[in-house]
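Novice: Structure below; questions to follow.
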Amino acid sequence: MGTPAEQRKLVKRAGEKYRASPWTPITQLQRESSRDPPARGGVWISRTVFPAPASCSIRDALSLEDTPIIDVGVKFIGSQEKANNDVPESDVTEEKLGDLLKEYDSEMTINPLNPRRWPLHMRACSIPPAGASYRAVPANKIILAGNSSGANLCFGLIKFLLELQKLPPSDASIDFYGRHVTLPLPAGIATVGGWCDQCDALPLWHKNGEYDILGVLQPPLMPGFPTDSIWPANPPREHTYCVAATLDHELVTPAAVADWTGKLGVPRL
């Protein structure tokens, strides 16, 4: 690693190159970022689906009345220590997941294919639906991890769980796969480069803007950005991340959170 001055120069050059690159429609960006090439070598990857609960209570707890509840695809990922680097990925999902759980019992990575539905992912890990091919994972064994906007989702979920803990038990429980359950805190979260100020209002945005890959005004909000079936949104909204009126909401901008306490204490951050 070079000197601080060399690192700043490298980061600045990378940001300038990114900002000068042609804009890509959001549909194309999503398609490119959701590629799922087969794995090779010392990695187990087992793909499965967390089915949508029949009840809407988890959605109602989040006050997301217009959000559909859908099945969510996930990938269980673990290391395969004895595998040759050239071994191709197996095609048998259930068999692979069983082997993964046997070989990598204490630690696994679960990669959500739709990270905005993390409440469902986390609860489905702790309370699997009937017939699930994986064992229940206690909440105190779960660590959420995210980068950039994914880090925001980690913080937003933690804030929601902390507030949910403060409600009376009757209001804090949800109907999940036919069982009334609570949503406990995970063991902790790990984040990198969190986009914690969706309003782009903190002084550092302007002080260190030359080192960022994004400017204060995001590309989709600028004139000339290519349109497609996703953006501009229908119904219209002012910002790609959320409705502009909620940009300073605590679940959207973690920097605005004044209280990170809950009934049972503060999670490890």
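Ordered as shown in the structure tokens, chains take letters A, B, and onward, while each chain numbers its residues from 1 and ligands are numbered from 1 in the order shown.
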Using only C-alpha atoms, determine which residues lie at most 9 Å from range 187-189 of chain A, disregarding the query and same-chain residues fewer than 4 positions distant; provide the list as a PyMOL selection string.

Specialist: chain A and resi 139-146+151+154-155+158+267-269

Novice: Using only C-alpha atoms, please write the residues we just selected to a file, as an mmCIF file, in the first residue's frame.

Specialist:
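To be explicit, this is the file written out as out-v8.cif:
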```cif
data_model
loop_
_atom_site.group_PDB
_atom_site.id
_atom_site.type_symbol
_atom_site.label_atom_id
_atom_site.label_comp_id
_atom_site.auth_asym_id
_atom_site.auth_seq_id
_atom_site.Cartn_x
_atom_site.Cartn_y
_atom_site.Cartn_z
ATOM 1 C CA ALA A 139 -30.435 -14.983 15.826
ATOM 2 C CA ASN A 140 -27.379 -14.664 18.068
ATOM 3 C CA LYS A 141 -25.418 -16.590 15.420
ATOM 4 C CA ILE A 142 -26.401 -14.228 12.590
ATOM 5 C CA ILE A 143 -24.233 -11.294 11.496
ATOM 6 C CA LEU A 144 -25.514 -8.960 8.803
ATOM 7 C CA ALA A 145 -22.961 -7.546 6.373
ATOM 8 C CA GLY A 146 -23.328 -4.883 3.727
ATOM 9 C CA ALA A 151 -24.717 -1.083 4.716
ATOM 10 C CA CYS A 154 -28.138 -3.235 7.721
ATOM 11 C CA PHE A 155 -28.445 -0.090 9.822
ATOM 12 C CA ILE A 158 -31.238 -2.811 13.168
ATOM 13 C CA PRO A 267 -26.332 -4.458 19.215
ATOM 14 C CA ARG A 268 -22.625 -4.866 18.578
ATOM 15 C CA LEU A 269 -21.722 -2.479 15.765
#
```

Novice: List as a VMD selection string the protein and nucleic acid residues near range 199-209 of chain A, meaning an atom at most 12 Å away when only C-alpha atoms are counted, but skip any in the same chain fewer than 4 places from it.

Specialist: chain A and resid 8 11 to 12 15 to 16 19 195 213 to 218 239 241 to 250 252 to 256

Novice: Write the residues of the selection above to a file with C-alpha atoms, as an mmCIF file, in the first residue's frame.

Specialist:
```cif
data_model
loop_
_atom_site.group_PDB
_atom_site.id
_atom_site.type_symbol
_atom_site.label_atom_id
_atom_site.label_comp_id
_atom_site.auth_asym_id
_atom_site.auth_seq_id
_atom_site.Cartn_x
_atom_site.Cartn_y
_atom_site.Cartn_z
ATOM 1 C CA ARG A 8 -5.665 9.758 -2.447
ATOM 2 C CA VAL A 11 -8.850 7.075 -5.424
ATOM 3 C CA LYS A 12 -9.307 10.447 -7.111
ATOM 4 C CA GLY A 15 -13.538 8.458 -9.184
ATOM 5 C CA GLU A 16 -12.836 10.672 -12.171
ATOM 6 C CA ARG A 19 -17.806 9.778 -13.388
ATOM 7 C CA TRP A 195 -24.031 5.497 2.354
ATOM 8 C CA ILE A 213 -17.140 8.074 -7.274
ATOM 9 C CA LEU A 214 -20.467 9.908 -6.999
ATOM 10 C CA GLY A 215 -21.274 13.580 -6.846
ATOM 11 C CA VAL A 216 -23.872 15.235 -4.640
ATOM 12 C CA LEU A 217 -26.444 14.788 -7.426
ATOM 13 C CA GLN A 218 -26.789 11.128 -8.392
ATOM 14 C CA HIS A 239 -35.108 9.776 -6.076
ATOM 15 C CA TYR A 241 -33.528 5.182 -3.428
ATOM 16 C CA CYS A 242 -36.894 6.309 -2.064
ATOM 17 C CA VAL A 243 -39.500 9.053 -2.153
ATOM 18 C CA ALA A 244 -37.718 12.363 -1.541
ATOM 19 C CA ALA A 245 -39.872 13.172 1.498
ATOM 20 C CA THR A 246 -38.373 10.162 3.314
ATOM 21 C CA LEU A 247 -34.697 10.807 2.511
ATOM 22 C CA ASP A 248 -34.082 12.088 6.046
ATOM 23 C CA HIS A 249 -36.051 9.258 7.688
ATOM 24 C CA GLU A 250 -34.034 7.252 10.220
ATOM 25 C CA VAL A 252 -33.208 5.631 5.148
ATOM 26 C CA THR A 253 -30.443 7.881 6.482
ATOM 27 C CA PRO A 254 -28.742 6.211 9.473
ATOM 28 C CA ALA A 255 -26.794 9.413 10.138
ATOM 29 C CA ALA A 256 -30.096 10.928 11.309
#
```

Novice: Quote the spacing between CA of Ser21 in chain A and CA of Asn147 in chain A in Å to one decimal place.

Specialist: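 CA of Asn147 in chain A lies at a distance of 22.0 Å from CA of Ser21 in chain A.
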
Novice: What gap, in Å, lies between CA of Arg179 in chain A and CA of Arg135 in chain A?

Specialist: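 These two atoms are separated by 16.8 Å.
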
Novice: Excluding range 162-176 of chain A and any residue of its chain fewer than 2 positions from it, enumerate the residues within 9 Å of it, using only C-alpha atoms, and give them as a ChimeraX atom specification.

Specialist: /A:53-58,61,123-124,127,129,157-160,178-185,260-267

Novice: Nearest to Gln30 in chain A among A:Val257, A:Gly224, A:Trp231, A:Asp86, with distances taken over only C-alpha atoms: which residue is it?

Specialist: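 Among A:Val257, A:Gly224, A:Trp231, A:Asp86, it is A:Trp231 that comes nearest to Gln30 in chain A.
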
Novice: What separation in Å, quoted to one decimal, exists between CA of Pro232 in chain A and CA of Asp71 in chain A?

Specialist: 25.6 Å
